[in-house]
>>> print(open('entry13.pdb').read())   # PDB, C-alpha atoms, pLDDT in the B column
MODEL        1
ATOM      1  CA  MET L   1      66.672  23.177 137.312  1.00 71.00           C
ATOM      2  CA  LYS L   2      68.589  19.971 136.839  1.00 80.00           C
ATOM      3  CA  ARG L   3      72.142  19.465 137.987  1.00 83.00           C
ATOM      4  CA  TRP L   4      73.669  19.400 134.495  1.00 79.00           C
ATOM      5  CA  GLN L   5      71.807  22.588 133.567  1.00 82.00           C
ATOM      6  CA  LYS L   6      73.279  24.328 136.602  1.00 81.00           C
ATOM      7  CA  LEU L   7      76.721  23.090 135.641  1.00 82.00           C
ATOM      8  CA  ILE L   8      76.382  24.405 132.080  1.00 84.00           C
ATOM      9  CA  LEU L   9      75.075  27.727 133.372  1.00 85.00           C
ATOM     10  CA  CYS L  10      78.032  28.049 135.758  1.00 78.00           C
ATOM     11  CA  LEU L  11      80.528  27.216 133.015  1.00 78.00           C
ATOM     12  CA  PHE L  12      78.920  29.768 130.724  1.00 80.00           C
ATOM     13  CA  ALA L  13      79.060  32.411 133.465  1.00 78.00           C
ATOM     14  CA  VAL L  14      82.750  31.694 134.081  1.00 72.00           C
ATOM     15  CA  VAL L  15      83.556  31.984 130.366  1.00 75.00           C
ATOM     16  CA  VAL L  16      81.644  35.261 130.016  1.00 74.00           C
ATOM     17  CA  ALA L  17      83.213  36.709 133.173  1.00 70.00           C
ATOM     18  CA  GLY L  18      86.658  35.663 131.955  1.00 69.00           C
ATOM     19  CA  TYR L  19      86.074  37.248 128.568  1.00 69.00           C
ATOM     20  CA  LEU L  20      84.843  40.503 130.080  1.00 67.00           C
ATOM     21  CA  GLY L  21      87.675  40.564 132.587  1.00 65.00           C
ATOM     22  CA  LEU L  22      90.379  39.712 130.038  1.00 63.00           C
ATOM     23  CA  ASP L  23      91.428  43.310 129.568  1.00 67.00           C
ATOM     24  CA  ALA L  24      91.757  43.797 133.331  1.00 70.00           C
ATOM     25  CA  ILE L  25      93.802  40.612 133.604  1.00 65.00           C
ATOM     26  CA  VAL L  26      96.095  41.697 130.763  1.00 66.00           C
ATOM     27  CA  ARG L  27      96.590  45.117 132.346  1.00 73.00           C
ATOM     28  CA  THR L  28      97.386  43.548 135.718  1.00 73.00           C
ATOM     29  CA  VAL L  29      99.907  41.151 134.207  1.00 69.00           C
ATOM     30  CA  ASP L  30     101.421  44.013 132.206  1.00 76.00           C
ATOM     31  CA  GLN L  31     101.688  46.180 135.313  1.00 81.00           C
ATOM     32  CA  PHE L  32     103.253  43.579 137.588  1.00 84.00           C
ATOM     33  CA  ALA L  33     104.921  40.949 135.398  1.00 84.00           C
ATOM     34  CA  TYR L  34     106.135  42.624 132.200  1.00 86.00           C
ATOM     35  CA  GLU L  35     109.498  43.897 133.454  1.00 89.00           C
ATOM     36  CA  PRO L  36     110.372  40.678 135.342  1.00 89.00           C
ATOM     37  CA  ALA L  37     109.436  38.577 132.306  1.00 88.00           C
ATOM     38  CA  LEU L  38     111.526  40.837 130.073  1.00 91.00           C
ATOM     39  CA  ALA L  39     114.489  40.573 132.460  1.00 92.00           C
ATOM     40  CA  VAL L  40     114.244  36.774 132.593  1.00 92.00           C
ATOM     41  CA  CYS L  41     114.012  36.546 128.808  1.00 91.00           C
ATOM     42  CA  ALA L  42     117.068  38.781 128.368  1.00 93.00           C
ATOM     43  CA  SER L  43     119.012  36.801 130.990  1.00 93.00           C
ATOM     44  CA  VAL L  44     118.273  33.473 129.312  1.00 93.00           C
ATOM     45  CA  LEU L  45     119.208  34.857 125.907  1.00 92.00           C
ATOM     46  CA  GLY L  46     122.358  36.306 127.472  1.00 92.00           C
ATOM     47  CA  LEU L  47     123.363  32.815 128.524  1.00 93.00           C
ATOM     48  CA  MET L  48     122.794  31.519 125.003  1.00 92.00           C
ATOM     49  CA  GLU L  49     124.361  34.517 123.221  1.00 91.00           C
ATOM     50  CA  PRO L  50     126.982  36.013 125.574  1.00 92.00           C
ATOM     51  CA  ASP L  51     128.495  38.254 122.859  1.00 94.00           C
ATOM     52  CA  ARG L  52     125.280  40.301 122.460  1.00 93.00           C
ATOM     53  CA  LEU L  53     124.638  43.622 124.168  1.00 94.00           C
ATOM     54  CA  GLU L  54     121.965  43.850 126.875  1.00 93.00           C
ATOM     55  CA  ILE L  55     119.963  46.334 124.798  1.00 94.00           C
ATOM     56  CA  GLU L  56     119.908  43.898 121.878  1.00 94.00           C
ATOM     57  CA  LEU L  57     118.620  41.100 124.085  1.00 93.00           C
ATOM     58  CA  ARG L  58     115.954  43.274 125.701  1.00 93.00           C
ATOM     59  CA  SER L  59     114.834  44.597 122.309  1.00 94.00           C
ATOM     60  CA  TYR L  60     114.578  41.086 120.890  1.00 93.00           C
ATOM     61  CA  CYS L  61     112.561  39.917 123.893  1.00 92.00           C
ATOM     62  CA  ASN L  62     110.324  42.988 123.787  1.00 91.00           C
ATOM     63  CA  VAL L  63     109.452  42.491 120.117  1.00 91.00           C
ATOM     64  CA  HIS L  64     108.748  38.797 120.582  1.00 88.00           C
ATOM     65  CA  MET L  65     106.629  39.311 123.712  1.00 84.00           C
ATOM     66  CA  ILE L  66     104.494  41.796 121.767  1.00 81.00           C
ATOM     67  CA  ALA L  67     104.272  39.379 118.832  1.00 82.00           C
ATOM     68  CA  ILE L  68     103.144  36.562 121.147  1.00 78.00           C
ATOM     69  CA  ALA L  69     100.488  38.803 122.711  1.00 73.00           C
ATOM     70  CA  ASP L  70      99.310  39.872 119.253  1.00 74.00           C
ATOM     71  CA  SER L  71      99.084  36.302 117.985  1.00 75.00           C
ATOM     72  CA  ALA L  72      97.025  35.408 121.047  1.00 66.00           C
ATOM     73  CA  GLY L  73      94.505  38.095 120.123  1.00 64.00           C
ATOM     74  CA  ILE L  74      95.229  40.281 123.147  1.00 56.00           C
ATOM     75  CA  SER L  75      94.939  43.986 122.529  1.00 54.00           C
ATOM     76  CA  GLY L  76      95.787  46.714 125.004  1.00 52.00           C
ATOM     77  CA  GLN L  77      93.991  50.035 124.967  1.00 50.00           C
TER      78      GLN L  77
ENDMDL
END
>>> encode(input="entry13.pdb", output="C-alpha cells")
Amino acid sequence: MKRWQKLILCLFAVVVAGYLGLDAIVRTVDQFAYEPALAVCASVLGLMEPDRLEIELRSYCNVHMIAIADSAGISGQ
C-alpha cells in the first residue's frame, strides 16, 4: 500500500471513529461542561444587562445553548 493510500485510510478511520463517538463526546461535554458554560454565559450577560434577574439570564442562556446544539445537528438521546 502506498503512503498516500495509508494516509487516506487513516483520515477515513478518524472521521468514522469521530462520527460514531460523537454521541459519547456530547454526553461527556454535557455531563462535565454544561453547568460551567451556563454559569459563564449568565455571568457575561449579567455584566451586559445588570438589571435582569439571574433566572432570566440562565433561561436565556439555556435556550440559546440548546438552539446552538440543535443547529449543529447534535441530538441527545
>>> residues_around(input="entry13.pdb", residues="Leu53 (chain L)", least_positions_apart="5", cutoff="10 Å", atoms="only C-alpha atoms", output="MDAnalysis selection string")
chainID L and resid 42 46 58
>>> atom_distance(input="entry13.pdb", atom1="CA of Val40 (chain L)", atom2="CA of Cys61 (chain L)")
9.4 Å
>>> axis_aligned_box(input="entry13.pdb", around="region 57-61 of chain L", padding_each_side="5 Å", output="lines of an AutoDock Vina configuration file")
center_x = 115.6
center_y = 42.3
center_z = 123.3
size_x = 16.1
size_y = 14.7
size_z = 14.8
>>> atom_distance(input="entry13.pdb", atom1="CA of Tyr60 (chain L)", atom2="CA of Ala24 (chain L)")
26.1 Å
